[in-house]
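Student: This is the content of query-v4.txt (compact mmCIF, C-alpha atoms (C1' of nucleotides)):
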```txt
# COMPACT_ATOMS: atom_id res chain seq x y z
CA MET T 194 159.85 -57.51 68.90
CA MET T 195 163.46 -58.19 68.16
CA GLY T 196 165.67 -59.06 71.09
CA ILE T 197 168.23 -56.42 70.15
CA MET T 198 166.54 -53.77 72.26
CA GLY T 199 167.41 -52.70 75.78
CA ARG T 200 165.66 -53.91 78.87
CA TRP T 201 162.87 -51.31 78.81
CA GLN T 202 163.14 -48.70 76.08
CA GLY T 203 165.49 -50.21 73.53
CA GLY T 204 168.17 -48.49 71.47
CA ALA T 205 170.62 -48.50 74.33
CA SER T 206 173.65 -47.87 72.11
CA GLU T 207 172.08 -44.83 70.48
CA ARG T 208 170.94 -43.42 73.82
CA LEU T 209 174.43 -43.83 75.22
CA ARG T 210 176.00 -42.25 72.15
CA ASP T 211 173.72 -39.22 72.24
CA ALA T 212 174.06 -38.75 75.99
CA ALA T 213 177.84 -38.94 75.70
CA LEU T 214 178.12 -36.39 72.90
CA GLY T 215 175.82 -34.00 74.75
CA LEU T 216 177.75 -34.24 78.00
CA PHE T 217 181.11 -33.95 76.25
CA LEU T 218 179.96 -30.75 74.54
CA THR T 219 178.83 -29.13 77.78
CA GLN T 220 181.28 -30.50 80.36
CA GLY T 221 184.19 -31.62 78.23
CA TYR T 222 185.45 -35.17 77.77
CA ASP T 223 187.58 -35.37 80.91
CA GLY T 224 184.90 -33.68 82.98
CA THR T 225 182.42 -36.41 82.17
CA THR T 226 182.46 -39.83 83.83
CA VAL T 227 181.13 -42.98 82.23
CA ALA T 228 178.74 -43.33 85.17
CA GLU T 229 177.27 -39.94 84.28
CA ILE T 230 176.78 -40.91 80.64
CA ALA T 231 175.09 -44.14 81.62
CA ALA T 232 172.82 -42.40 84.12
CA ALA T 233 171.85 -39.81 81.49
CA ALA T 234 170.87 -42.71 79.22
CA GLY T 235 168.99 -44.45 82.02
CA LEU T 236 171.51 -47.27 82.24
CA THR T 237 174.44 -48.34 84.39
CA GLU T 238 178.16 -47.97 83.91
CA ARG T 239 178.57 -51.70 83.38
CA THR T 240 176.12 -51.64 80.50
CA PHE T 241 178.07 -48.83 78.83
CA PHE T 242 181.11 -51.06 78.68
CA ARG T 243 179.05 -53.87 77.18
CA HIS T 244 178.24 -51.59 74.22
CA PHE T 245 181.60 -49.83 73.84
CA ALA T 246 185.04 -51.26 74.40
CA ASP T 247 186.11 -48.10 76.22
CA LYS T 248 185.05 -44.55 76.95
CA ARG T 249 186.56 -43.13 73.77
CA GLU T 250 184.94 -45.63 71.46
CA VAL T 251 181.50 -44.08 72.00
CA LEU T 252 182.58 -41.29 69.62
CA PHE T 253 183.91 -43.63 66.94
CA VAL T 254 181.24 -46.20 66.20
CA ASP T 255 180.39 -44.46 62.93
CA GLN T 256 184.02 -44.66 61.90
CA ASP T 257 183.70 -48.43 61.61
CA GLU T 258 180.77 -47.88 59.27
CA PHE T 259 183.02 -45.64 57.16
CA GLU T 260 185.53 -48.38 56.75
CA ARG T 261 182.92 -50.67 55.23
CA VAL T 262 181.74 -47.99 52.77
CA PHE T 263 185.31 -47.18 51.83
CA LEU T 264 186.07 -50.77 51.01
CA SER T 265 182.84 -51.33 49.13
CA ALA T 266 183.74 -48.38 46.89
CA LEU T 267 186.90 -50.13 45.78
CA PRO T 268 186.44 -51.21 42.15
CA ASP T 269 186.78 -54.91 41.41
CA ASP T 270 188.71 -54.51 38.21
CA THR T 271 192.42 -54.35 38.76
CA GLY T 272 194.15 -51.28 37.41
CA GLU T 273 196.78 -48.84 38.55
CA PRO T 274 196.83 -48.75 42.40
CA MET T 275 196.35 -45.01 42.61
CA ALA T 276 193.48 -45.10 40.15
CA MET T 277 191.70 -47.57 42.43
CA ILE T 278 192.33 -45.32 45.42
CA VAL T 279 190.82 -42.40 43.54
CA GLY T 280 187.73 -44.55 43.05
CA VAL T 281 187.55 -45.15 46.79
CA LEU T 282 187.90 -41.45 47.51
CA ASP T 283 185.05 -40.63 45.15
CA GLY T 284 182.88 -43.12 46.99
CA ALA T 285 183.90 -41.69 50.34
CA ALA T 286 182.84 -38.21 49.27
CA THR T 287 179.22 -39.34 49.22
CA LEU T 288 179.48 -39.98 52.97
CA PHE T 289 179.72 -36.28 53.69
CA PRO T 290 176.77 -34.35 52.31
CA GLU T 291 176.14 -30.76 53.33
CA GLU T 292 173.62 -31.72 56.03
CA ARG T 293 176.30 -33.58 57.89
CA ARG T 294 178.70 -30.67 58.17
CA PRO T 295 177.28 -29.09 61.38
CA TRP T 296 177.25 -32.40 63.20
CA SER T 297 180.80 -33.13 62.04
CA ARG T 298 181.89 -29.73 63.31
CA ALA T 299 180.42 -30.39 66.77
CA ARG T 300 182.10 -33.75 66.96
CA ARG T 301 185.32 -32.22 65.71
CA SER T 302 185.32 -29.64 68.49
CA VAL T 303 185.13 -32.34 71.13
CA ILE T 304 187.95 -34.34 69.58
CA ALA T 305 190.11 -31.27 68.99
CA ALA T 306 190.01 -30.52 72.71
CA ASN T 307 191.38 -33.87 73.84
CA VAL T 308 194.60 -35.62 72.90
CA ALA T 309 193.37 -39.08 73.84
CA LEU T 310 190.53 -38.70 71.37
CA GLN T 311 192.90 -37.56 68.64
CA GLU T 312 194.93 -40.66 69.34
CA ARG T 313 191.90 -42.84 68.78
CA GLU T 314 191.05 -41.03 65.58
CA LEU T 315 194.54 -41.66 64.27
CA LEU T 316 194.14 -45.33 65.09
CA LYS T 317 190.92 -45.49 63.09
CA MET T 318 192.59 -43.81 60.12
CA SER T 319 195.47 -46.22 60.41
CA SER T 320 193.19 -49.23 60.49
CA LEU T 321 191.49 -47.84 57.41
CA ALA T 322 194.84 -47.65 55.66
CA VAL T 323 195.61 -51.21 56.68
CA ALA T 324 192.26 -52.43 55.33
CA LEU T 325 192.83 -50.61 52.05
CA THR T 326 196.31 -52.06 51.80
CA ARG T 327 194.94 -55.56 52.27
CA ALA T 328 192.25 -54.99 49.67
CA LEU T 329 194.80 -53.75 47.16
CA THR T 330 197.19 -56.63 47.68
CA ALA T 331 194.26 -59.01 47.33
CA ARG T 332 193.80 -57.49 43.87
CA GLY T 333 197.37 -58.19 42.88
CA VAL T 334 199.15 -54.98 43.85
CA ASP T 335 202.58 -55.56 45.38
CA ALA T 336 202.78 -54.96 49.14
CA ALA T 337 204.94 -51.82 49.08
CA SER T 338 202.91 -50.04 46.42
CA ALA T 339 199.67 -51.03 48.11
CA ALA T 340 200.77 -49.63 51.46
CA LEU T 341 201.95 -46.36 49.95
CA ALA T 342 198.87 -45.89 47.80
CA ALA T 343 196.62 -46.59 50.79
CA GLU T 344 198.54 -44.19 53.02
CA ALA T 345 198.42 -41.51 50.35
CA GLY T 346 194.70 -42.03 49.93
CA VAL T 347 194.04 -41.75 53.66
CA THR T 348 196.20 -38.63 53.81
CA VAL T 349 194.12 -37.03 51.07
CA PHE T 350 190.92 -38.03 52.83
CA ARG T 351 192.01 -36.80 56.25
CA THR T 352 193.34 -33.50 54.91
CA SER T 353 190.16 -32.95 52.92
CA PHE T 354 188.00 -33.68 55.94
CA ALA T 355 189.93 -31.19 58.06
CA LEU T 356 189.39 -28.51 55.42
CA TRP T 357 185.72 -29.42 54.99
CA VAL T 358 184.89 -28.90 58.68
CA ALA T 359 186.95 -25.72 58.94
CA GLU T 360 184.94 -22.58 59.76
CA GLY T 361 183.87 -20.61 56.73
CA GLU T 362 184.58 -23.40 54.26
CA ARG T 363 181.84 -23.60 51.61
CA ARG T 364 183.09 -26.01 48.95
CA THR T 365 181.67 -29.51 48.90
CA PHE T 366 183.69 -32.42 50.20
CA LYS T 367 184.18 -33.73 46.68
CA GLU T 368 185.50 -30.41 45.39
CA ILE T 369 187.94 -30.12 48.26
CA GLN T 370 189.11 -33.67 47.87
CA ASN T 371 189.82 -33.27 44.17
CA ALA T 372 191.83 -30.13 44.85
CA VAL T 373 193.82 -31.82 47.64
CA LEU T 374 194.65 -34.81 45.48
CA ALA T 375 195.80 -32.60 42.62
CA ARG T 376 197.99 -30.61 44.96
CA LEU T 377 199.61 -33.70 46.44
CA GLN T 378 200.42 -34.97 42.95
CA ALA T 379 201.88 -31.60 41.98
CA LEU T 380 204.02 -31.51 45.12
CA LEU T 381 205.53 -34.92 44.56
CA VAL T 382 206.24 -34.47 40.88
CA GLN T 383 208.58 -31.57 41.40
CA MET F 37 227.36 -33.60 92.07
CA MET F 38 224.54 -32.41 89.95
CA GLY F 39 221.12 -32.43 91.53
CA ILE F 40 219.61 -34.25 88.55
CA MET F 41 220.32 -37.68 90.01
CA GLY F 42 217.95 -39.88 91.94
CA ARG F 43 217.83 -40.08 95.68
CA TRP F 44 220.51 -42.75 95.93
CA GLN F 45 221.81 -44.11 92.64
CA GLY F 46 220.83 -41.53 90.04
CA GLY F 47 219.67 -42.09 86.47
CA ALA F 48 216.15 -42.86 87.57
CA SER F 49 214.63 -42.29 84.12
CA GLU F 50 217.04 -44.66 82.43
CA ARG F 51 216.57 -47.33 85.09
CA LEU F 52 212.81 -47.11 84.70
CA ARG F 53 213.05 -47.22 80.92
CA ASP F 54 215.28 -50.30 80.93
CA ALA F 55 213.23 -52.09 83.57
CA ALA F 56 210.05 -51.41 81.63
CA LEU F 57 211.36 -52.70 78.30
CA GLY F 58 212.71 -55.82 79.97
CA LEU F 59 209.46 -56.61 81.73
CA PHE F 60 207.39 -55.86 78.63
CA LEU F 61 209.50 -58.29 76.61
CA THR F 62 209.09 -61.11 79.11
CA GLN F 63 205.58 -60.56 80.51
CA GLY F 64 203.98 -58.42 77.86
CA TYR F 65 202.76 -54.84 78.25
CA ASP F 66 199.38 -55.62 79.80
CA GLY F 67 200.89 -58.23 82.07
CA THR F 68 203.18 -55.66 83.66
CA THR F 69 202.03 -53.12 86.24
CA VAL F 70 203.66 -49.76 86.80
CA ALA F 71 204.34 -50.80 90.38
CA GLU F 72 206.36 -53.76 89.10
CA ILE F 73 208.43 -51.55 86.79
CA ALA F 74 209.13 -49.11 89.59
CA ALA F 75 210.09 -51.90 92.01
CA ALA F 76 212.44 -53.39 89.39
CA ALA F 77 214.12 -49.99 89.16
CA GLY F 78 214.29 -49.63 92.94
CA LEU F 79 211.70 -46.85 92.96
CA THR F 80 208.01 -46.35 93.70
CA GLU F 81 205.02 -46.11 91.40
CA ARG F 82 204.60 -42.42 92.18
CA THR F 83 208.11 -41.67 91.02
CA PHE F 84 207.46 -43.44 87.72
CA PHE F 85 204.66 -40.98 87.00
CA ARG F 86 206.94 -38.08 87.83
CA HIS F 87 209.25 -39.16 85.01
CA PHE F 88 206.65 -40.27 82.45
CA ALA F 89 203.24 -38.79 81.81
CA ASP F 90 201.71 -42.27 81.55
CA LYS F 91 202.63 -45.94 81.32
CA ARG F 92 202.96 -45.90 77.53
CA GLU F 93 205.24 -42.91 77.40
CA VAL F 94 208.13 -44.89 78.88
CA LEU F 95 208.58 -46.44 75.43
CA PHE F 96 208.47 -43.16 73.54
CA VAL F 97 210.90 -40.78 75.21
CA ASP F 98 213.37 -41.21 72.35
CA GLN F 99 210.66 -40.28 69.88
CA ASP F 100 210.69 -36.73 71.22
CA GLU F 101 214.41 -36.63 70.56
CA PHE F 102 213.67 -37.67 66.97
CA GLU F 103 211.40 -34.72 66.49
CA ARG F 104 214.17 -32.31 67.39
CA VAL F 105 216.65 -33.95 65.00
CA PHE F 106 214.05 -34.00 62.24
CA LEU F 107 213.42 -30.31 62.57
CA SER F 108 217.08 -29.41 62.83
CA ALA F 109 217.67 -31.19 59.51
CA LEU F 110 215.27 -28.84 57.78
CA PRO F 111 217.29 -26.54 55.52
CA ASP F 112 216.96 -22.84 56.16
CA ASP F 113 216.87 -21.79 52.55
CA THR F 114 213.37 -21.78 51.15
CA GLY F 115 212.81 -23.93 48.09
CA GLU F 116 210.23 -26.35 46.82
CA PRO F 117 208.38 -27.88 49.82
CA MET F 118 209.05 -31.45 48.81
CA ALA F 119 212.74 -30.71 48.27
CA MET F 120 212.92 -29.48 51.85
CA ILE F 121 211.19 -32.62 53.08
CA VAL F 122 213.72 -34.74 51.24
CA GLY F 123 216.41 -32.89 53.13
CA VAL F 124 214.72 -33.76 56.39
CA LEU F 125 214.45 -37.40 55.43
CA ASP F 126 218.16 -37.55 54.61
CA GLY F 127 218.90 -36.15 58.04
CA ALA F 128 216.55 -38.63 59.67
CA ALA F 129 218.35 -41.54 58.03
CA THR F 130 221.41 -40.84 60.16
CA LEU F 131 219.33 -41.64 63.24
CA PHE F 132 219.16 -45.31 62.32
CA PRO F 133 222.59 -46.85 61.94
CA GLU F 134 223.01 -50.59 61.69
CA GLU F 135 223.80 -50.98 65.42
CA ARG F 136 220.40 -49.69 66.28
CA ARG F 137 218.46 -52.26 64.25
CA PRO F 138 218.33 -55.06 66.89
CA TRP F 139 217.12 -52.70 69.59
CA SER F 140 214.54 -51.24 67.25
CA ARG F 141 213.32 -54.75 66.46
CA ALA F 142 212.87 -55.60 70.14
CA ARG F 143 210.98 -52.42 70.73
CA ARG F 144 208.93 -53.03 67.63
CA SER F 145 207.85 -56.46 68.86
CA VAL F 146 206.48 -54.99 72.06
CA ILE F 147 204.57 -52.28 70.24
CA ALA F 148 203.26 -54.67 67.57
CA ALA F 149 201.65 -56.78 70.31
CA ASN F 150 199.58 -53.96 71.81
CA VAL F 151 197.05 -51.66 70.18
CA ALA F 152 197.35 -48.96 72.83
CA LEU F 153 201.05 -48.67 72.07
CA GLN F 154 200.39 -48.46 68.34
CA GLU F 155 197.98 -45.66 69.10
CA ARG F 156 200.67 -43.74 70.92
CA GLU F 157 203.13 -44.29 68.09
CA LEU F 158 200.63 -42.87 65.63
CA LEU F 159 200.22 -39.82 67.85
CA LYS F 160 203.97 -39.27 67.86
CA MET F 161 204.09 -39.52 64.08
CA SER F 162 201.19 -37.11 63.83
CA SER F 163 202.85 -34.59 66.11
CA LEU F 164 205.94 -34.90 63.96
CA ALA F 165 203.87 -34.07 60.90
CA VAL F 166 202.35 -31.10 62.68
CA ALA F 167 205.78 -29.80 63.67
CA LEU F 168 207.04 -30.20 60.10
CA THR F 169 203.97 -28.41 58.80
CA ARG F 170 204.59 -25.49 61.12
CA ALA F 171 208.23 -25.31 60.14
CA LEU F 172 207.34 -25.25 56.46
CA THR F 173 204.71 -22.55 56.81
CA ALA F 174 207.19 -20.51 58.83
CA ARG F 175 209.41 -20.66 55.74
CA GLY F 176 206.71 -19.27 53.52
CA VAL F 177 205.02 -22.43 52.21
CA ASP F 178 201.22 -22.14 52.01
CA ALA F 179 199.31 -24.09 54.65
CA ALA F 180 197.78 -26.74 52.41
CA SER F 181 201.00 -27.59 50.60
CA ALA F 182 202.93 -27.63 53.86
CA ALA F 183 200.50 -30.07 55.47
CA LEU F 184 200.52 -32.41 52.47
CA ALA F 185 204.28 -32.33 52.06
CA ALA F 186 204.75 -33.03 55.78
CA GLU F 187 202.25 -35.90 55.72
CA ALA F 188 203.90 -37.38 52.66
CA GLY F 189 207.30 -37.10 54.31
CA VAL F 190 206.11 -38.82 57.47
CA THR F 191 204.48 -41.55 55.40
CA VAL F 192 207.76 -42.20 53.62
CA PHE F 193 209.61 -42.25 56.92
CA ARG F 194 207.14 -44.56 58.63
CA THR F 195 206.97 -46.98 55.72
CA SER F 196 210.74 -47.04 55.46
CA PHE F 197 211.11 -47.71 59.15
CA ALA F 198 208.67 -50.62 58.98
CA LEU F 199 210.68 -52.15 56.15
CA TRP F 200 213.99 -51.52 57.90
CA VAL F 201 213.01 -53.45 61.02
CA ALA F 202 211.41 -56.29 59.06
CA GLU F 203 213.09 -59.67 59.51
CA GLY F 204 215.69 -60.46 56.85
CA GLU F 205 215.96 -56.89 55.61
CA ARG F 206 219.58 -55.95 54.91
CA ARG F 207 219.52 -52.64 53.11
CA THR F 208 220.44 -49.52 55.07
CA PHE F 209 217.76 -47.14 56.21
CA LYS F 210 218.88 -44.56 53.67
CA GLU F 211 218.68 -47.01 50.76
CA ILE F 212 215.20 -48.12 51.77
CA GLN F 213 214.00 -44.58 52.22
CA ASN F 214 215.20 -43.49 48.80
CA ALA F 215 213.44 -46.44 47.21
CA VAL F 216 210.21 -45.74 49.09
CA LEU F 217 210.21 -42.09 48.11
CA ALA F 218 210.79 -42.95 44.45
CA ARG F 219 207.97 -45.45 44.51
CA LEU F 220 205.53 -43.00 46.06
CA GLN F 221 206.36 -40.45 43.39
CA ALA F 222 205.89 -43.03 40.66
CA LEU F 223 202.53 -44.09 42.09
CA LEU F 224 201.15 -40.59 42.19
CA VAL F 225 202.35 -39.55 38.77
CA GLN F 226 200.34 -42.22 37.01
C1' DG C 238 230.76 -26.56 110.34
C1' DC C 239 225.95 -25.31 110.72
C1' DA C 240 221.21 -23.57 109.28
C1' DG C 241 218.37 -23.17 105.53
C1' DG C 242 216.95 -23.92 100.73
C1' DT C 243 216.19 -27.01 96.78
C1' DG C 244 214.84 -30.97 94.28
C1' DA C 245 213.91 -35.74 93.88
C1' DT C 246 211.71 -39.24 96.24
C1' DG C 247 208.38 -41.69 99.57
C1' DT C 248 203.77 -42.15 101.59
C1' DC C 249 198.91 -42.08 101.55
C1' DA C 250 194.37 -41.41 100.24
C1' DG C 251 191.37 -40.92 96.54
C1' DT C 252 189.11 -40.97 91.74
C1' DG C 253 187.80 -43.18 87.69
C1' DA C 254 188.30 -46.56 83.84
C1' DC C 255 187.61 -51.21 83.10
C1' DT C 256 186.63 -56.44 84.22
C1' DG C 257 184.82 -60.93 85.98
C1' DA C 258 181.17 -63.38 88.31
C1' DC C 259 176.72 -63.88 89.38
C1' DA C 260 171.78 -62.42 89.91
C1' DT C 261 167.52 -60.64 87.77
C1' DG C 262 163.96 -59.60 84.79
C1' DA C 263 161.73 -59.09 80.12
C1' DC C 264 160.60 -61.46 76.08
C1' DG C 265 159.73 -65.30 72.74
C1' DC C 266 158.76 -70.04 72.12
C1' DT C 267 156.41 -74.20 73.06
C1' DA G 3 152.30 -71.94 82.47
C1' DG G 4 157.07 -73.33 82.00
C1' DC G 5 161.60 -72.56 79.87
C1' DG G 6 165.56 -70.61 77.59
C1' DT G 7 167.84 -66.54 75.99
C1' DC G 8 169.80 -62.21 76.29
C1' DA G 9 170.36 -57.58 77.84
C1' DT G 10 170.85 -55.50 82.02
C1' DG G 11 171.81 -54.80 87.18
C1' DT G 12 174.82 -55.58 91.14
C1' DC G 13 179.10 -56.07 93.42
C1' DA G 14 183.77 -56.61 94.26
C1' DG G 15 188.14 -55.95 92.61
C1' DT G 16 192.44 -54.30 89.83
C1' DC G 17 195.11 -50.77 88.07
C1' DA G 18 196.33 -46.27 85.94
C1' DC G 19 196.86 -41.83 87.48
C1' DT G 20 196.72 -37.53 90.79
C1' DG G 21 197.06 -34.20 94.72
C1' DA G 22 198.87 -33.19 99.25
C1' DC G 23 202.24 -33.62 102.42
C1' DA G 24 206.48 -35.66 104.60
C1' DT G 25 211.39 -36.95 104.14
C1' DC G 26 216.05 -36.96 102.96
C1' DA G 27 220.34 -36.06 100.28
C1' DC G 28 222.95 -32.35 98.64
C1' DC G 29 224.31 -27.59 97.95
C1' DT G 30 224.82 -22.77 99.54
C1' DG G 31 225.56 -18.88 102.41
C1' DC G 32 227.22 -17.66 106.57
```
Take the structure in this file and express it as structure tokens.
Tutor:
Amino acid sequence: MMGIMGRWQGGASERLRDAALGLFLTQGYDGTTVAEIAAAAGLTERTFFRHFADKREVLFVDQDEFERVFLSALPDDTGEPMAMIVGVLDGAATLFPEERRPWSRARRSVIAANVALQERELLKMSSLAVALTRALTARGVDAASAALAAEAGVTVFRTSFALWVAEGERRTFKEIQNAVLARLQALLVQ
Amino acid sequence: MMGIMGRWQGGASERLRDAALGLFLTQGYDGTTVAEIAAAAGLTERTFFRHFADKREVLFVDQDEFERVFLSALPDDTGEPMAMIVGVLDGAATLFPEERRPWSRARRSVIAANVALQERELLKMSSLAVALTRALTARGVDAASAALAAEAGVTVFRTSFALWVAEGERRTFKEIQNAVLARLQALLVQ
DNA sequence: GCAGGTGATGTCAGTGACTGACATGACGCT
DNA sequence: AGCGTCATGTCAGTCACTGACATCACCTGC
């Protein structure tokens, strides 16, 4: 078999990720030590840190996947910056089907309860904006417009996501995102 | 004398803040321990943590002051959300006179060299957006519009600040900010 | 002045995140 | 069977951060 697996069972990263989320949900983030997570996954603390740069990162591995999908949704043809961002947002909407909503809500509850985790989430959003900015400038958009368009796009995405995971919300991610974008445009025109 | 002073010399917070910035500039953030900072200020590590919640916070005490000024610049009369945000931005511009630019650049260089510090800066910006959102909703703006207007305002501010501290930049903060706001509006209208 | 209160600081012991160095054991290849 | 590779285990160490308690300057009431 492939050498990517763990010493005995394989899938060490996934086991650590699942164990961490479970413990965070029951004991809270601060009430859980890395040693506990590792033990729950049948591994040692040192191995945890070989898979994740730090304790927080175990909740954000998917986020890096998002960034790739976001960028791949960026159309190759150069057009108006904001039109390209809208294309990216449409692509991003496919990342959040209805089935994912419960899991996103659980994750959200853990992050909402801890400032350090919110900090990390902001960093991921920021790095997404930076990547988008780079991609836009690579397509000929001037630096200032690229940065603003990227920031606006991330703002729309983040706001939409917050609404999507809110209790009682029933609209699809795409519907929410379209409404949020329209509202932002209306606000700025006035 | 007032009991706010340190055991012997007084001004413990300021001494710690200055010692920290100096050491960070010469040795880098990671290369400086809290014990070193405290010793340079003639204090102990424990006292450092009585003045600052954590090592990073020593670079962000002013940021909390910003938040107060931002909010105080918010006009009392209710109007269009974005018009109120523009009022806040005009008030914020007074916080960055020309004399402050060199100091801001030094600080910026420390933060730019360390991801953990960028994370904290993002958190401060986010908490500013949250505070603005609350202030807008308290003035009758609906939640979604308030959040978007606040986010847009913070984006304009942050982008403007980045340009203002860039090497070679000569325009005033206010000039830059007006240009950035106009460009964001133009981008979204298209 | 003198005793007591207050607030900032010092001291000390401890926890937990994170790291470097080295050992070990499973697996694939030859 | 022998060998190299790679994930993991082990161990020692640093450093951020915290709780508990002692100390010392200063202020207040008497």
Student: With only C-alpha atoms (C1' of nucleotides) as the counted atoms, please give the residues lying no more than 12 Å from F:Ala171, apart from itself and same-chain residues fewer than 6 positions off, as a count of residues only.
Tutor: 23
Student: Find the residues around stretch 255-258 of chain C up to 10 Å (all atoms listed in the file counted), leave out those fewer than 6 positions away in its own chain, and share them as a list in words.
Tutor: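 What passes the distance filter is Arg239, Phe242, Ala246, Asp247 and Lys248 of chain T; DC13, DA14, DG15, DT16 and DC17 of chain G.
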Student: Just C-alpha atoms (C1' of nucleotides) for this one: save the residues we selected as a PDB file, in the coordinates of the input.
Tutor:
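Saved file selection-v3.pdb follows:
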```
ATOM      1  CA  ARG T 239     178.570 -51.700  83.380  1.00  0.00           C
ATOM      2  CA  PHE T 242     181.110 -51.060  78.680  1.00  0.00           C
ATOM      3  CA  ALA T 246     185.040 -51.260  74.400  1.00  0.00           C
ATOM      4  CA  ASP T 247     186.110 -48.100  76.220  1.00  0.00           C
ATOM      5  CA  LYS T 248     185.050 -44.550  76.950  1.00  0.00           C
TER       6      LYS T 248
ATOM      7  C1'  DC G  13     179.100 -56.070  93.420  1.00  0.00           C
ATOM      8  C1'  DA G  14     183.770 -56.610  94.260  1.00  0.00           C
ATOM      9  C1'  DG G  15     188.140 -55.950  92.610  1.00  0.00           C
ATOM     10  C1'  DT G  16     192.440 -54.300  89.830  1.00  0.00           C
ATOM     11  C1'  DC G  17     195.110 -50.770  88.070  1.00  0.00           C
TER      12       DC G  17
END
```
Student: Which residues are close to C:DA240, i.e. within 12 Å by only C-alpha atoms (C1' of nucleotides), leaving aside same-chain residues fewer than 5 positions away? Reply as a list in words.
Tutor: DT30, DG31 and DC32 of chain G
Student: Quick one: write out the picked residues with C-alpha atoms (C1' of nucleotides) as a CSV table (one decimal), in the frame of the given file?
Tutor:
```csv
chain,number,residue,atom,x,y,z
G,30,DT,C1',224.8,-22.8,99.5
G,31,DG,C1',225.6,-18.9,102.4
G,32,DC,C1',227.2,-17.7,106.6
```
Student: Per residue of chain C within 9 Å of chain T, which atom pair is closest and at what distance in Å (one decimal), using only C-alpha atoms (C1' of nucleotides), listed by chain and increasing number, as a Markdown table?
Tutor:
```
| residue | atom | partner | partner_atom | distance |
| --- | --- | --- | --- | --- |
| C:DG253 | C1' | T:Thr226 | CA | 7.4 |
| C:DA254 | C1' | T:Lys248 | CA | 7.9 |
| C:DC255 | C1' | T:Asp247 | CA | 7.7 |
| C:DG262 | C1' | T:Arg200 | CA | 8.4 |
| C:DA263 | C1' | T:Arg200 | CA | 6.6 |
| C:DC264 | C1' | T:Gly196 | CA | 7.5 |
| C:DG265 | C1' | T:Met194 | CA | 8.7 |
```
Student: Compute the chain G side of the contact with chain F at 8 Å, counting all atoms listed in the file, and hand it back as a ChimeraX atom specification.
Tutor: /G:17-19,27-28
Student: What gap, in Å, lies between atom CA of T:Thr287 and atom CA of T:Thr365?
Tutor: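 Taking atom CA of T:Thr287 and atom CA of T:Thr365, their separation equals 10.1 Å.
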Student: Provide as a ChimeraX atom specification the residues of chain F at most 10 Å from chain T, counting only C-alpha atoms.
Tutor: /F:116-119,151-152,154-162,180-185,187-188,191-192,195-196,199,216-226
Student: In Å to one decimal, how far is atom CA of F:Ser49 from atom CA of F:Trp200?
Tutor: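 Pair atom CA of F:Trp200 / atom CA of F:Ser49 returns 27.8 Å.
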Student: I need every residue sitting at most 12 Å from the point (222.1, -54.3, 64.3) (coordinates as in the file, all atoms listed in the file considered), written as a CSV table (one decimal) with C-alpha atoms, in the coordinates of the input.
Tutor:
```
chain,number,residue,atom,x,y,z
F,132,PHE,CA,219.2,-45.3,62.3
F,133,PRO,CA,222.6,-46.8,61.9
F,134,GLU,CA,223.0,-50.6,61.7
F,135,GLU,CA,223.8,-51.0,65.4
F,136,ARG,CA,220.4,-49.7,66.3
F,137,ARG,CA,218.5,-52.3,64.2
F,138,PRO,CA,218.3,-55.1,66.9
F,139,TRP,CA,217.1,-52.7,69.6
F,140,SER,CA,214.5,-51.2,67.2
F,141,ARG,CA,213.3,-54.8,66.5
F,142,ALA,CA,212.9,-55.6,70.1
F,200,TRP,CA,214.0,-51.5,57.9
F,201,VAL,CA,213.0,-53.4,61.0
F,203,GLU,CA,213.1,-59.7,59.5
F,204,GLY,CA,215.7,-60.5,56.8
F,205,GLU,CA,216.0,-56.9,55.6
F,206,ARG,CA,219.6,-56.0,54.9
F,207,ARG,CA,219.5,-52.6,53.1
F,208,THR,CA,220.4,-49.5,55.1
F,209,PHE,CA,217.8,-47.1,56.2
```
Student: Hey, can you check how far atom CA of F:Ala56 sits from atom CA of F:Leu95?
Tutor: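 Computed distance, atom CA of F:Ala56 to atom CA of F:Leu95, equals 8.1 Å.
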Student: Please rebuild stretch 322-328 of chain T with N, CA and C atoms and return the result as a PDB file, in the coordinates of the input.
Tutor:
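Final file, out.pdb:
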```pdb
ATOM      1  N   ALA T 322     193.730 -47.468  56.597  1.00  0.00           N
ATOM      2  CA  ALA T 322     194.840 -47.650  55.660  1.00  0.00           C
ATOM      3  C   ALA T 322     195.235 -49.111  55.554  1.00  0.00           C
ATOM      4  N   VAL T 323     195.247 -49.791  56.691  1.00  0.00           N
ATOM      5  CA  VAL T 323     195.610 -51.210  56.680  1.00  0.00           C
ATOM      6  C   VAL T 323     194.589 -52.015  55.871  1.00  0.00           C
ATOM      7  N   ALA T 324     193.310 -51.715  56.065  1.00  0.00           N
ATOM      8  CA  ALA T 324     192.260 -52.430  55.330  1.00  0.00           C
ATOM      9  C   ALA T 324     192.389 -52.175  53.831  1.00  0.00           C
ATOM     10  N   LEU T 325     192.658 -50.932  53.470  1.00  0.00           N
ATOM     11  CA  LEU T 325     192.830 -50.610  52.050  1.00  0.00           C
ATOM     12  C   LEU T 325     194.041 -51.335  51.476  1.00  0.00           C
ATOM     13  N   THR T 326     195.101 -51.366  52.256  1.00  0.00           N
ATOM     14  CA  THR T 326     196.310 -52.060  51.800  1.00  0.00           C
ATOM     15  C   THR T 326     196.010 -53.534  51.514  1.00  0.00           C
ATOM     16  N   ARG T 327     195.289 -54.151  52.449  1.00  0.00           N
ATOM     17  CA  ARG T 327     194.940 -55.560  52.270  1.00  0.00           C
ATOM     18  C   ARG T 327     194.097 -55.764  51.013  1.00  0.00           C
ATOM     19  N   ALA T 328     193.132 -54.859  50.830  1.00  0.00           N
ATOM     20  CA  ALA T 328     192.250 -54.990  49.670  1.00  0.00           C
ATOM     21  C   ALA T 328     193.031 -54.841  48.367  1.00  0.00           C
TER      22      ALA T 328
END
```
